[in-house]
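**Q** First the structure, then my questions, so here it is.
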Amino acid sequence: MKPHKIRIAIYPGSFDPITYGHIDIIKRACFLFDKVIIAVAVNPQKSPLFSQEERVDMIEKSITEFSGVQVDSFHGLLVEYAKEKDATAIIRGLRAVTDFENEMQMALVNRKLDENIVTTFLMTHDKYSYLNSSIVKELISLGGDAKCFVPLHVNKRLIEKLRKQ
Ligand code: ADP
């Protein structure tokens, strides 16, 4: 009998910081794959609010209820990283149609680079369909409460980072 090959997926992103929208996608990815690697992108062109270590740490604290999920960071080409990890899929979340054009472009370029890695789009719960990390940062810096958008420990770190003088 052929041994069962475990299905590994990479969920890449900035996660600056992780929100309940991301966590919703992670939960759905866990239904489909044996192992999900959340990969924090180290992109020199972006200047994130949180360091790579802080982002990884916040993700780790947010996923304790899931099994088969790991957190890592990567730089360079995503498909190369995926190959290195023996992954067969890249997970991306879709919110509104506005996500579609960029996501399609990235997925098609990645397919051109490696046909064996399949980009898989997962749709978020509608209650998170308008949510992203930027709006949460804006909300906190204006004095708002983001507890319904991010885990408590993330909310606390956002307040420390954005409201300290
Ligand atoms: P990136 O800079 O790669 O877009 P993000 O952290 O903003 O990094 O997003 C990572 C992935 O998570 C993307 O596929 C994005 O569409 C998805 N995502 C972010 N927020 C949500 C949300 N509220 N619902 C569903 N997917 C989301």
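Ordering of the structure tokens sets the chain letters (A, B, ...); residue numbers start at 1 within each chain; ligands are numbered from 1 in the order shown.
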Can you tell me which residues surround range 92-102 of chain A at a distance of at most 10 Å, considering only C-alpha atoms, apart from same-chain residues fewer than 6 positions away, and format the answer as a list in words?
**A**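 That gives Ile10, Tyr11, Pro12, Gly13, Gly21, His22, Asp24, Ile25, Ile26, Ala29, Thr119, Thr120, Phe121, Leu122, Met123, Thr124, His125, Asp126, Tyr128, Ser129, Tyr130, Leu131 and Asn132 of chain A.
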**Q** Would you list the contacts of Pro48 in chain A as a ChimeraX atom specification, taking every protein, DNA or RNA residue within 12 Å and counting only C-alpha atoms, but skipping same-chain residues closer than 2 positions in sequence?
**A** /A:13-17,40-46,50-55,133-134,137,161
**Q** Rank nothing, just name the residue among A:Ile140, A:Ala9, A:Ala82, A:Met106 nearest to Phe33 in chain A, using only C-alpha atoms.
**A**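 With only C-alpha atoms as the atom set, the closest residue is A:Ala9.
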**Q** By how many Å are atom 24 (N, counted along the ligand's line) of ligand 1 and CA of Lys112 in chain A apart?
**A**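 Interatomic distance here is 25.9 Å.
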**Q** Nearest residue to ligand 1 out of A:Glu103, A:Glu160, A:Glu115, A:Glu138, using only C-alpha atoms and all ligand atoms?
**A** A:Glu103
**Q** As a PyMOL selection string, please: every residue in chain A that DSSP puts in strand (DSSP E).
**A** chain A and resi 8-13+35-41+69-74+89-94+118-123
**Q** Those same residues, written as a short mmCIF file (atom, residue, chain, number, x, y, z; two decimals), in the first residue's frame with N, CA and C atoms?
**A**
```
data_model
loop_
_atom_site.label_atom_id
_atom_site.label_comp_id
_atom_site.auth_asym_id
_atom_site.auth_seq_id
_atom_site.Cartn_x
_atom_site.Cartn_y
_atom_site.Cartn_z
N ILE A 8 0.52 19.46 2.71
CA ILE A 8 1.04 20.65 3.41
C ILE A 8 0.69 21.91 2.62
N ALA A 9 0.19 22.92 3.33
CA ALA A 9 -0.12 24.21 2.68
C ALA A 9 0.62 25.34 3.38
N ILE A 10 0.97 26.33 2.58
CA ILE A 10 1.60 27.54 3.14
C ILE A 10 0.55 28.65 3.13
N TYR A 11 0.42 29.35 4.24
CA TYR A 11 -0.46 30.53 4.27
C TYR A 11 0.45 31.75 4.49
N PRO A 12 0.79 32.43 3.38
CA PRO A 12 1.73 33.55 3.50
C PRO A 12 1.01 34.88 3.70
N GLY A 13 1.70 35.84 4.28
CA GLY A 13 1.10 37.17 4.42
C GLY A 13 1.96 38.06 5.29
N LYS A 35 -1.20 19.77 7.34
CA LYS A 35 -0.29 20.70 8.01
C LYS A 35 -0.40 22.07 7.33
N VAL A 36 -0.52 23.12 8.12
CA VAL A 36 -0.60 24.47 7.57
C VAL A 36 0.57 25.27 8.16
N ILE A 37 1.39 25.82 7.28
CA ILE A 37 2.51 26.64 7.75
C ILE A 37 2.17 28.10 7.48
N ILE A 38 2.02 28.85 8.54
CA ILE A 38 1.75 30.29 8.40
C ILE A 38 3.11 30.95 8.21
N ALA A 39 3.28 31.62 7.08
CA ALA A 39 4.61 32.14 6.74
C ALA A 39 4.57 33.67 6.69
N VAL A 40 5.23 34.29 7.65
CA VAL A 40 5.28 35.75 7.72
C VAL A 40 6.29 36.25 6.68
N ALA A 41 5.80 37.09 5.78
CA ALA A 41 6.66 37.58 4.71
C ALA A 41 7.57 38.69 5.21
N VAL A 69 -0.68 23.24 12.90
CA VAL A 69 -0.35 24.57 12.37
C VAL A 69 1.00 25.01 12.92
N GLN A 70 1.85 25.49 12.03
CA GLN A 70 3.16 25.99 12.44
C GLN A 70 3.32 27.44 11.99
N VAL A 71 4.22 28.16 12.62
CA VAL A 71 4.48 29.54 12.20
C VAL A 71 5.96 29.66 11.83
N ASP A 72 6.21 30.37 10.75
CA ASP A 72 7.58 30.53 10.28
C ASP A 72 7.65 31.90 9.60
N SER A 73 8.83 32.29 9.14
CA SER A 73 8.89 33.49 8.30
C SER A 73 9.74 33.16 7.08
N PHE A 74 9.57 33.94 6.04
CA PHE A 74 10.34 33.67 4.82
C PHE A 74 10.63 34.96 4.08
N ALA A 89 0.34 23.46 -1.76
CA ALA A 89 -0.67 24.52 -1.91
C ALA A 89 -0.24 25.81 -1.21
N ILE A 90 -0.72 26.91 -1.79
CA ILE A 90 -0.59 28.23 -1.16
C ILE A 90 -2.01 28.68 -0.84
N ILE A 91 -2.24 29.05 0.39
CA ILE A 91 -3.57 29.52 0.79
C ILE A 91 -3.61 31.03 0.73
N ARG A 92 -4.67 31.59 0.17
CA ARG A 92 -4.92 33.04 0.26
C ARG A 92 -6.37 33.24 0.65
N GLY A 93 -6.61 34.29 1.37
CA GLY A 93 -7.99 34.58 1.77
C GLY A 93 -8.61 35.56 0.80
N LEU A 94 -9.88 35.40 0.55
CA LEU A 94 -10.57 36.39 -0.30
C LEU A 94 -11.63 37.09 0.53
N VAL A 118 -0.43 24.66 -5.99
CA VAL A 118 -1.77 25.14 -6.35
C VAL A 118 -2.22 26.23 -5.38
N THR A 119 -2.50 27.41 -5.91
CA THR A 119 -3.03 28.47 -5.05
C THR A 119 -4.51 28.17 -4.77
N THR A 120 -4.85 28.20 -3.51
CA THR A 120 -6.21 27.85 -3.08
C THR A 120 -6.80 29.06 -2.36
N PHE A 121 -7.93 29.57 -2.87
CA PHE A 121 -8.56 30.73 -2.24
C PHE A 121 -9.65 30.27 -1.29
N LEU A 122 -9.61 30.80 -0.10
CA LEU A 122 -10.65 30.46 0.87
C LEU A 122 -11.42 31.74 1.20
N MET A 123 -12.72 31.59 1.30
CA MET A 123 -13.54 32.76 1.58
C MET A 123 -13.76 32.89 3.08
#
```
**Q** Just the number, please: distance in Å from atom 10 (C, counted along the ligand's line) of ligand 1 to CA of Arg163 in chain A, one decimal.
**A**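 Between these atoms lies a distance of 24.8 Å.
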**Q** I'd like the neighbourhood of Ala146 in chain A as an MDAnalysis selection string, where a residue qualifies if any of its atoms comes within 10 Å (using only C-alpha atoms), though same-chain residues fewer than 2 positions away should be ignored.
**A** chainID A and resid 19 135:140 143:144 148:152 154:156 158:159
**Q** Output as a count of residues only all residues of chain A that backbone DSSP marks as alpha helix (DSSP H).
**A** 66
**Q** Find, counting only C-alpha atoms and all ligand atoms, the residue in A:Lys27, A:Arg111, A:Lys164, A:Arg157 that gets nearest to ligand 1.
**A**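 Smallest distance to ligand 1 is found for A:Lys27.
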**Q** Of the candidates A:Cys30, A:Val79, A:Ile6, A:Ala107, which shows the shortest atom-to-atom distance to ligand 1, using only C-alpha atoms and all ligand atoms?
**A**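 Ranking A:Cys30, A:Val79, A:Ile6, A:Ala107 by distance to ligand 1, first place goes to A:Ala107.
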